[in-house]
>>> print(open('run_1.csv').read())   # CSV, C-alpha atoms
chain,number,residue,atom,x,y,z
A,1213,MET,CA,-75.8,43.6,-80.8
A,1214,GLY,CA,-75.7,47.4,-81.3
A,1215,ARG,CA,-78.5,49.3,-82.9
A,1216,ILE,CA,-78.4,50.1,-86.6
A,1217,PRO,CA,-77.8,53.9,-87.1
A,1218,LYS,CA,-81.2,55.6,-87.8
A,1219,ASP,CA,-80.0,58.5,-90.0
A,1220,PHE,CA,-79.3,56.7,-93.2
A,1221,PRO,CA,-81.1,58.0,-96.3
A,1222,LYS,CA,-84.4,56.4,-97.1
A,1223,LEU,CA,-84.1,53.4,-99.5
A,1224,LYS,CA,-85.5,54.2,-102.9
A,1225,ASN,CA,-85.1,50.9,-104.7
A,1226,ASP,CA,-85.8,47.8,-102.6
A,1227,THR,CA,-86.2,45.4,-105.5
A,1228,PHE,CA,-83.2,43.3,-104.6
A,1229,LEU,CA,-84.3,43.0,-101.0
A,1230,ARG,CA,-87.9,42.0,-101.9
A,1231,ALA,CA,-86.6,39.4,-104.4
A,1232,ALA,CA,-84.3,38.0,-101.7
A,1233,ARG,CA,-87.3,37.5,-99.5
A,1234,GLY,CA,-89.2,35.7,-102.3
A,1235,GLU,CA,-91.6,38.6,-103.0
A,1236,ASP,CA,-92.8,39.5,-106.5
A,1237,THR,CA,-90.8,42.3,-108.2
A,1238,GLU,CA,-91.4,44.4,-111.3
A,1239,HIS,CA,-88.2,43.3,-112.8
A,1240,VAL,CA,-85.4,40.8,-112.1
A,1241,PRO,CA,-82.8,42.7,-110.0
A,1242,VAL,CA,-79.3,42.9,-111.2
A,1243,TRP,CA,-76.1,43.5,-109.2
A,1244,CYS,CA,-72.4,43.3,-109.8
A,1245,MET,CA,-70.8,40.7,-107.6
A,1246,ARG,CA,-67.3,41.3,-108.9
A,1247,GLN,CA,-67.2,44.2,-106.4
A,1248,ALA,CA,-66.1,47.5,-107.7
A,1249,GLY,CA,-66.1,46.2,-111.2
A,1250,ARG,CA,-62.4,45.4,-111.4
A,1251,TYR,CA,-62.7,45.7,-115.2
A,1252,LEU,CA,-63.4,49.4,-115.0
A,1253,PRO,CA,-60.6,51.8,-116.0
A,1254,GLU,CA,-61.4,54.1,-113.1
A,1255,PHE,CA,-61.0,51.2,-110.7
A,1256,ARG,CA,-57.6,50.4,-112.1
A,1257,GLU,CA,-56.6,54.0,-111.9
A,1258,TRP,CA,-57.5,54.1,-108.2
A,1259,ARG,CA,-55.7,50.8,-107.4
A,1260,GLU,CA,-52.5,51.5,-109.4
A,1261,GLY,CA,-49.5,51.5,-107.2
A,1262,LYS,CA,-51.4,50.8,-104.0
A,1263,ASP,CA,-51.1,47.9,-101.7
A,1264,PHE,CA,-54.3,45.9,-101.9
A,1265,PHE,CA,-54.9,45.4,-98.2
A,1266,GLU,CA,-54.0,49.0,-97.4
A,1267,THR,CA,-56.8,49.9,-99.9
A,1268,CYS,CA,-59.1,47.6,-98.0
A,1269,ARG,CA,-58.3,49.4,-94.8
A,1270,SER,CA,-59.2,52.8,-96.1
A,1271,PRO,CA,-63.0,53.4,-95.7
A,1272,GLU,CA,-62.9,56.3,-98.1
A,1273,ILE,CA,-61.3,54.4,-100.9
A,1274,CYS,CA,-63.5,51.3,-100.3
A,1275,CYS,CA,-66.5,53.6,-100.5
A,1276,GLU,CA,-65.3,55.1,-103.8
A,1277,LEU,CA,-64.6,51.6,-105.3
A,1278,THR,CA,-68.0,50.3,-104.2
A,1279,LEU,CA,-69.8,53.2,-105.9
A,1280,GLN,CA,-67.9,53.1,-109.3
A,1281,PRO,CA,-70.1,50.4,-111.0
A,1282,LEU,CA,-73.3,52.3,-109.9
A,1283,ARG,CA,-72.2,55.4,-111.8
A,1284,ARG,CA,-72.0,53.4,-115.0
A,1285,PHE,CA,-74.9,50.8,-114.7
A,1286,PRO,CA,-78.4,50.9,-113.4
A,1287,LEU,CA,-77.8,48.2,-110.8
A,1288,ASP,CA,-80.2,47.2,-108.0
A,1289,ALA,CA,-77.6,46.6,-105.3
A,1290,ALA,CA,-74.0,47.4,-104.3
A,1291,ILE,CA,-71.5,45.1,-102.5
A,1292,ILE,CA,-68.9,46.7,-100.2
A,1293,PHE,CA,-65.4,46.6,-101.4
A,1294,SER,CA,-63.3,44.3,-99.2
A,1295,ASP,CA,-61.8,40.9,-99.2
A,1296,ILE,CA,-62.6,37.6,-97.5
A,1297,LEU,CA,-59.1,37.3,-96.2
A,1298,VAL,CA,-59.4,40.2,-93.8
A,1299,VAL,CA,-60.8,37.5,-91.3
A,1300,PRO,CA,-57.5,35.5,-91.2
A,1301,GLN,CA,-55.7,38.8,-90.9
A,1302,ALA,CA,-57.8,39.7,-87.9
A,1303,MET,CA,-56.9,36.3,-86.3
A,1304,GLY,CA,-53.2,37.2,-86.6
A,1305,MET,CA,-52.1,35.8,-89.9
A,1306,ASN,CA,-50.0,37.8,-92.4
A,1307,VAL,CA,-51.5,38.0,-95.9
A,1308,GLN,CA,-50.1,39.8,-98.9
A,1309,MET,CA,-51.6,40.4,-102.3
A,1310,LEU,CA,-48.7,39.7,-104.8
A,1311,THR,CA,-48.9,40.9,-108.4
A,1312,GLY,CA,-49.3,37.9,-110.7
A,1313,LYS,CA,-49.7,35.5,-107.8
A,1314,GLY,CA,-52.6,36.7,-105.8
A,1315,PRO,CA,-53.1,36.3,-102.0
A,1316,THR,CA,-50.1,34.8,-100.2
A,1317,PHE,CA,-49.7,33.9,-96.5
A,1318,THR,CA,-46.2,34.4,-95.3
A,1319,GLU,CA,-46.6,31.6,-92.6
A,1320,PRO,CA,-49.5,29.2,-93.5
A,1321,LEU,CA,-50.7,26.7,-91.0
A,1322,LYS,CA,-48.9,23.4,-91.4
A,1323,GLU,CA,-49.7,21.3,-88.4
A,1324,PRO,CA,-52.4,21.4,-85.7
A,1325,GLU,CA,-49.9,22.9,-83.3
A,1326,ASP,CA,-50.0,26.0,-85.5
A,1327,LEU,CA,-53.5,26.8,-84.3
A,1328,GLU,CA,-51.9,28.1,-81.1
A,1329,ARG,CA,-50.6,31.1,-83.2
A,1330,LEU,CA,-54.1,32.2,-84.0
A,1331,GLN,CA,-56.1,34.8,-82.0
A,1332,ALA,CA,-59.2,32.8,-81.3
A,1333,LYS,CA,-61.1,35.6,-79.6
A,1334,VAL,CA,-61.2,38.5,-82.0
A,1335,ASP,CA,-62.4,42.0,-81.1
A,1336,VAL,CA,-64.0,42.7,-84.5
A,1337,GLN,CA,-64.5,46.4,-83.7
A,1338,LYS,CA,-60.8,46.8,-83.2
A,1339,GLU,CA,-59.5,44.4,-85.9
A,1340,LEU,CA,-62.2,44.9,-88.6
A,1341,GLY,CA,-63.6,48.3,-87.7
A,1342,TYR,CA,-62.3,49.7,-91.0
A,1343,VAL,CA,-64.8,47.5,-92.8
A,1344,PHE,CA,-67.6,48.8,-90.6
A,1345,LYS,CA,-66.6,52.4,-91.2
A,1346,ALA,CA,-66.6,51.7,-95.0
A,1347,ILE,CA,-70.1,50.3,-94.8
A,1348,THR,CA,-71.5,53.2,-92.9
A,1349,LEU,CA,-69.8,55.8,-95.1
A,1350,THR,CA,-71.0,53.9,-98.2
A,1351,ARG,CA,-74.6,53.7,-97.0
A,1352,HIS,CA,-74.7,57.5,-96.7
A,1353,LYS,CA,-72.9,58.0,-100.1
A,1354,LEU,CA,-75.4,55.7,-101.8
A,1355,GLU,CA,-78.1,58.2,-100.9
A,1356,GLY,CA,-80.7,55.4,-100.7
A,1357,LYS,CA,-80.3,54.5,-104.4
A,1358,VAL,CA,-79.9,50.8,-103.8
A,1359,PRO,CA,-79.2,48.4,-100.8
A,1360,LEU,CA,-75.7,47.7,-99.7
A,1361,ILE,CA,-74.5,44.0,-99.3
A,1362,GLY,CA,-71.9,42.9,-96.8
A,1363,PHE,CA,-70.1,39.6,-97.0
A,1364,THR,CA,-67.6,37.1,-95.6
A,1365,GLY,CA,-65.8,34.0,-96.6
A,1366,ALA,CA,-67.1,30.8,-95.2
A,1367,PRO,CA,-65.0,28.8,-92.7
A,1368,TRP,CA,-63.9,26.0,-95.0
A,1369,THR,CA,-62.9,28.4,-97.7
A,1370,LEU,CA,-60.9,30.5,-95.3
A,1371,MET,CA,-59.4,27.4,-93.7
A,1372,SER,CA,-58.2,26.2,-97.1
A,1373,TYR,CA,-56.4,29.5,-97.8
A,1374,MET,CA,-54.8,29.6,-94.4
A,1375,ILE,CA,-53.3,26.1,-94.9
A,1376,GLU,CA,-52.5,26.2,-98.6
A,1377,GLY,CA,-50.9,29.7,-98.2
A,1378,GLY,CA,-52.7,31.0,-101.3
A,1379,GLY,CA,-54.6,29.7,-104.2
A,1380,SER,CA,-54.6,26.0,-105.1
A,1381,VAL,CA,-56.2,23.8,-107.7
A,1382,THR,CA,-56.4,20.7,-105.6
A,1383,GLN,CA,-56.5,22.1,-102.1
A,1384,SER,CA,-54.5,19.0,-101.2
A,1385,LYS,CA,-52.8,20.5,-98.1
A,1386,ALA,CA,-56.1,21.6,-96.6
A,1387,LYS,CA,-57.9,18.4,-97.5
A,1388,ARG,CA,-55.0,16.5,-95.9
A,1389,TRP,CA,-56.0,18.2,-92.6
A,1390,LEU,CA,-59.6,17.0,-93.0
A,1391,TYR,CA,-58.4,13.4,-93.4
A,1392,ARG,CA,-55.5,13.3,-91.0
A,1393,HIS,CA,-56.5,15.9,-88.4
A,1394,PRO,CA,-60.3,16.0,-88.3
A,1395,GLU,CA,-60.5,17.3,-84.7
A,1396,ALA,CA,-58.1,20.1,-85.3
A,1397,SER,CA,-60.0,20.9,-88.5
A,1398,HIS,CA,-63.2,21.2,-86.6
A,1399,MET,CA,-61.4,23.3,-84.0
A,1400,LEU,CA,-60.2,25.7,-86.7
A,1401,LEU,CA,-63.6,25.8,-88.5
A,1402,LYS,CA,-65.4,26.7,-85.2
A,1403,MET,CA,-62.9,29.4,-84.4
A,1404,LEU,CA,-63.5,30.9,-87.8
A,1405,ALA,CA,-67.3,30.6,-87.5
A,1406,ASP,CA,-67.2,32.4,-84.2
A,1407,VAL,CA,-65.3,35.3,-85.7
A,1408,ILE,CA,-67.5,35.4,-88.8
A,1409,VAL,CA,-70.7,35.6,-86.8
A,1410,GLU,CA,-69.5,38.7,-84.9
A,1411,TYR,CA,-68.1,40.1,-88.1
A,1412,LEU,CA,-71.4,39.8,-89.9
A,1413,LEU,CA,-73.3,41.3,-87.0
A,1414,GLY,CA,-70.9,44.2,-87.0
A,1415,GLN,CA,-71.6,44.7,-90.7
A,1416,VAL,CA,-75.3,44.9,-90.0
A,1417,THR,CA,-74.8,47.3,-87.2
A,1418,ALA,CA,-72.7,49.4,-89.5
A,1419,GLY,CA,-75.5,49.5,-92.2
A,1420,ALA,CA,-75.3,46.4,-94.4
A,1421,GLN,CA,-78.8,45.5,-95.7
A,1422,ALA,CA,-78.0,42.0,-96.8
A,1423,LEU,CA,-75.2,39.5,-96.2
A,1424,GLN,CA,-73.5,37.0,-98.5
A,1425,VAL,CA,-71.4,34.1,-97.3
A,1426,PHE,CA,-68.9,32.9,-99.9
A,1427,GLU,CA,-68.0,29.1,-99.8
A,1428,SER,CA,-65.9,29.6,-102.9
A,1429,HIS,CA,-64.0,26.3,-102.4
A,1430,ALA,CA,-67.1,24.1,-101.8
A,1431,GLY,CA,-66.6,22.2,-105.0
A,1432,ILE,CA,-63.2,20.8,-104.0
A,1433,LEU,CA,-65.0,18.7,-101.3
A,1434,GLY,CA,-67.0,15.6,-102.0
A,1435,PRO,CA,-70.6,15.2,-100.6
A,1436,ALA,CA,-69.5,13.5,-97.4
A,1437,GLN,CA,-66.8,16.1,-96.6
A,1438,PHE,CA,-69.1,18.9,-97.5
A,1439,LYS,CA,-71.7,17.6,-95.0
A,1440,GLU,CA,-69.1,17.3,-92.3
A,1441,PHE,CA,-66.8,20.2,-92.7
A,1442,SER,CA,-68.8,22.9,-94.6
A,1443,LEU,CA,-72.5,22.6,-94.2
A,1444,PRO,CA,-72.7,22.5,-90.4
A,1445,TYR,CA,-70.8,25.8,-90.2
A,1446,LEU,CA,-72.8,27.5,-92.9
A,1447,ARG,CA,-75.9,26.6,-91.0
A,1448,ASP,CA,-74.5,27.6,-87.7
A,1449,ILE,CA,-73.5,31.0,-89.0
A,1450,ALA,CA,-76.9,31.8,-90.5
A,1451,ARG,CA,-78.7,30.5,-87.4
A,1452,ARG,CA,-76.6,32.5,-84.9
A,1453,VAL,CA,-76.7,35.7,-86.9
A,1454,LYS,CA,-80.5,35.5,-87.3
A,1455,ASP,CA,-80.9,34.7,-83.6
A,1456,ARG,CA,-79.1,37.9,-82.8
A,1457,LEU,CA,-81.0,40.0,-85.4
A,1458,LYS,CA,-84.4,40.1,-83.7
A,1459,GLU,CA,-84.9,43.8,-83.2
A,1460,PRO,CA,-87.5,45.6,-85.5
A,1461,GLY,CA,-85.9,46.8,-88.7
A,1462,GLN,CA,-83.1,44.1,-88.6
A,1463,ASP,CA,-84.7,41.8,-91.2
A,1464,VAL,CA,-81.5,41.2,-93.2
A,1465,PRO,CA,-81.6,38.6,-96.0
A,1466,MET,CA,-78.7,36.2,-96.1
A,1467,ILE,CA,-77.2,34.6,-99.2
A,1468,VAL,CA,-75.1,31.5,-99.4
A,1469,PHE,CA,-72.9,30.8,-102.5
A,1470,ALA,CA,-71.3,27.4,-102.3
A,1471,LYS,CA,-69.6,27.3,-105.7
A,1472,ASP,CA,-69.7,23.9,-107.5
A,1473,ALA,CA,-71.5,22.2,-104.6
A,1474,HIS,CA,-74.2,20.8,-106.9
A,1475,TYR,CA,-74.8,17.9,-104.6
A,1476,GLY,CA,-75.6,20.2,-101.7
A,1477,LEU,CA,-78.5,22.2,-103.2
A,1478,GLU,CA,-81.2,20.5,-101.2
A,1479,ASP,CA,-79.2,20.9,-97.9
A,1480,LEU,CA,-78.4,24.5,-98.7
A,1481,SER,CA,-82.0,25.4,-99.3
A,1482,GLN,CA,-82.7,24.3,-95.7
A,1483,SER,CA,-79.9,26.0,-94.0
A,1484,HIS,CA,-81.5,29.3,-92.8
A,1485,TYR,CA,-80.5,31.4,-95.8
A,1486,GLU,CA,-83.1,33.2,-97.9
A,1487,VAL,CA,-81.1,32.9,-101.1
A,1488,VAL,CA,-78.9,30.2,-102.6
A,1489,GLY,CA,-76.4,31.2,-105.2
A,1490,LEU,CA,-76.0,29.0,-108.3
A,1491,ASP,CA,-72.9,28.7,-110.5
A,1492,TRP,CA,-73.2,28.6,-114.2
A,1493,THR,CA,-72.9,24.8,-114.4
A,1494,ILE,CA,-76.2,24.1,-112.7
A,1495,ASP,CA,-79.4,23.8,-114.7
A,1496,PRO,CA,-81.7,26.5,-113.3
A,1497,GLN,CA,-84.9,24.6,-113.8
A,1498,SER,CA,-83.5,21.6,-112.1
A,1499,ALA,CA,-82.2,23.8,-109.2
A,1500,ARG,CA,-85.7,25.2,-108.8
A,1501,GLU,CA,-87.2,21.8,-108.6
A,1502,ARG,CA,-84.6,20.5,-106.2
A,1503,THR,CA,-84.9,23.4,-103.8
A,1504,GLY,CA,-88.7,23.1,-103.8
A,1505,GLY,CA,-89.4,26.8,-103.9
A,1506,LYS,CA,-88.0,27.2,-100.3
A,1507,VAL,CA,-85.5,29.9,-101.3
A,1508,SER,CA,-84.8,32.5,-103.9
A,1509,LEU,CA,-82.2,31.5,-106.4
A,1510,GLN,CA,-79.3,33.7,-107.6
A,1511,GLY,CA,-76.8,33.1,-110.3
A,1512,ASN,CA,-76.3,30.5,-113.1
A,1513,MET,CA,-75.0,32.7,-115.9
A,1514,ASP,CA,-71.5,32.1,-117.3
A,1515,PRO,CA,-69.8,35.5,-116.9
A,1516,CYS,CA,-68.0,34.8,-120.2
A,1517,ALA,CA,-71.4,35.1,-121.9
A,1518,LEU,CA,-70.8,38.9,-121.7
A,1519,TYR,CA,-68.3,38.4,-124.6
A,1520,ALA,CA,-71.3,37.5,-126.8
A,1521,PRO,CA,-72.8,40.0,-129.2
A,1522,LYS,CA,-75.5,42.2,-127.8
A,1523,VAL,CA,-78.2,40.5,-129.9
A,1524,THR,CA,-77.2,37.1,-128.5
A,1525,LEU,CA,-76.9,38.4,-125.0
A,1526,GLY,CA,-80.2,40.3,-125.2
A,1527,ALA,CA,-82.0,37.1,-126.2
A,1528,PHE,CA,-80.3,35.1,-123.5
A,1529,LEU,CA,-81.1,37.3,-120.5
A,1530,PRO,CA,-84.9,37.2,-120.7
A,1531,LEU,CA,-84.7,33.4,-120.8
A,1532,LYS,CA,-82.8,33.5,-117.5
A,1533,ALA,CA,-85.3,35.8,-116.0
A,1534,THR,CA,-88.2,33.5,-116.8
A,1535,LEU,CA,-86.3,30.7,-115.1
A,1536,LEU,CA,-86.0,32.8,-112.0
A,1537,CYS,CA,-82.3,32.8,-111.9
A,1538,SER,CA,-79.4,35.1,-112.4
A,1539,LEU,CA,-75.9,35.9,-113.4
A,1540,THR,CA,-73.0,34.7,-111.3
A,1541,ILE,CA,-69.5,36.2,-110.6
A,1542,THR,CA,-69.9,39.3,-112.8
A,1543,PHE,CA,-73.5,40.3,-112.6
A,1544,HIS,CA,-76.4,39.0,-110.6
A,1545,PHE,CA,-80.1,38.9,-111.1
A,1546,LEU,CA,-82.0,37.7,-108.1
A,1547,THR,CA,-85.5,36.1,-107.6
>>> encode(input="run_1.csv", output="structure tokens")
Amino acid sequence: MGRIPKDFPKLKNDTFLRAARGEDTEHVPVWCMRQAGRYLPEFREWREGKDFFETCRSPEICCELTLQPLRRFPLDAAIIFSDILVVPQAMGMNVQMLTGKGPTFTEPLKEPEDLERLQAKVDVQKELGYVFKAITLTRHKLEGKVPLIGFTGAPWTLMSYMIEGGGSVTQSKAKRWLYRHPEASHMLLKMLADVIVEYLLGQVTAGAQALQVFESHAGILGPAQFKEFSLPYLRDIARRVKDRLKEPGQDVPMIVFAKDAHYGLEDLSQSHYEVVGLDWTIDPQSARERTGGKVSLQGNMDPCALYAPKVTLGAFLPLKATLLCSLTITFHFLT
């Protein structure tokens, strides 16, 4: 594990980081998880006519897109512009972002033999160094205004994309693997976890001050499958990253967001993460009771609530703050 660069500007607003560690804060921190605020006209102008993944590979553009929401809103954290599918790309898979269709794998995994096509041992500096350069550049450009969050997709979520070949409502092809090829499934999940650990450590070395792991497809699994094919790898990633971050100044909070995994709250709160993200279908008070105060909670607000009149929204947000929860998907408070 390399040392974190020491010449970054001094952090002026650490509210987000203190909240992530469970400390008292003067206000409930807010951040924009929909990285770069894809709703912003300046974002659309920068992205127009450009290949999505070419954009991801440009540190300068990623830095600009990360900073755009902070110029408009007094947010308490920034999240680097990137995509979870850069990990399958680093393992040798071809992914395109098609207009009107979204991410598309030209040759998805179909049978266990296809695992031989993957690059199991990934040199993250070589394959994902552009993300690290974007993080370092952005840390400097932020001038210490707010912390910078790095992120990754979780193994199950990435596995499902790699097998489905893109988005899917049922994830039936990926779940077929879990039922028919459990050994190969675990092999793939472990390969992904190994790459993810090195990727997250590289982000910290580059300057990320917090890390979020997105298990976006957790809700497609039942409780038993979640405990077998998702939870062990989420725990393993957090444990291994923290074991390697033991130098002074490397106290980097980790967040796990397992969307729609209501049944897993208790397990997630005991999985080595400081923060557990909630989606908007979970009652925040119930989540607080179920997690027993072991972690900070993040999320819970329906992003479509932003369509409400300001008066309605203004009355709603303080209620969420008193419940020690936050907005998901579009904005985030954190406790």
>>> atom_distance(input="run_1.csv", atom1="CA of Tyr1391 (chain A)", atom2="CA of Gln1308 (chain A)")
28.2 Å
>>> closest_residue(input="run_1.csv", among="A:Lys1222, A:Phe1293, A:Leu1252, A:Ser1498", to="Phe1265 (chain A)", atoms="all atoms listed in the file")
A:Phe1293
>>> closest_residue(input="run_1.csv", among="A:Met1371, A:Val1507, A:Ala1289, A:Val1298", to="Ala1422 (chain A)", atoms="only C-alpha atoms")
A:Ala1289
>>> residues_around(input="run_1.csv", residues="Leu1229 (chain A)", least_positions_apart="5", cutoff="9 Å", atoms="only C-alpha atoms", output="number ranges by chain")
A: 1234-1235, 1289, 1359, 1421-1422, 1464-1465
>>> residues_around(input="run_1.csv", residues="Gly1504 (chain A)", least_positions_apart="3", cutoff="12 Å", atoms="all atoms listed in the file", output="VMD selection string")
chain A and resid 1477 to 1482 1497 to 1501 1507 to 1509
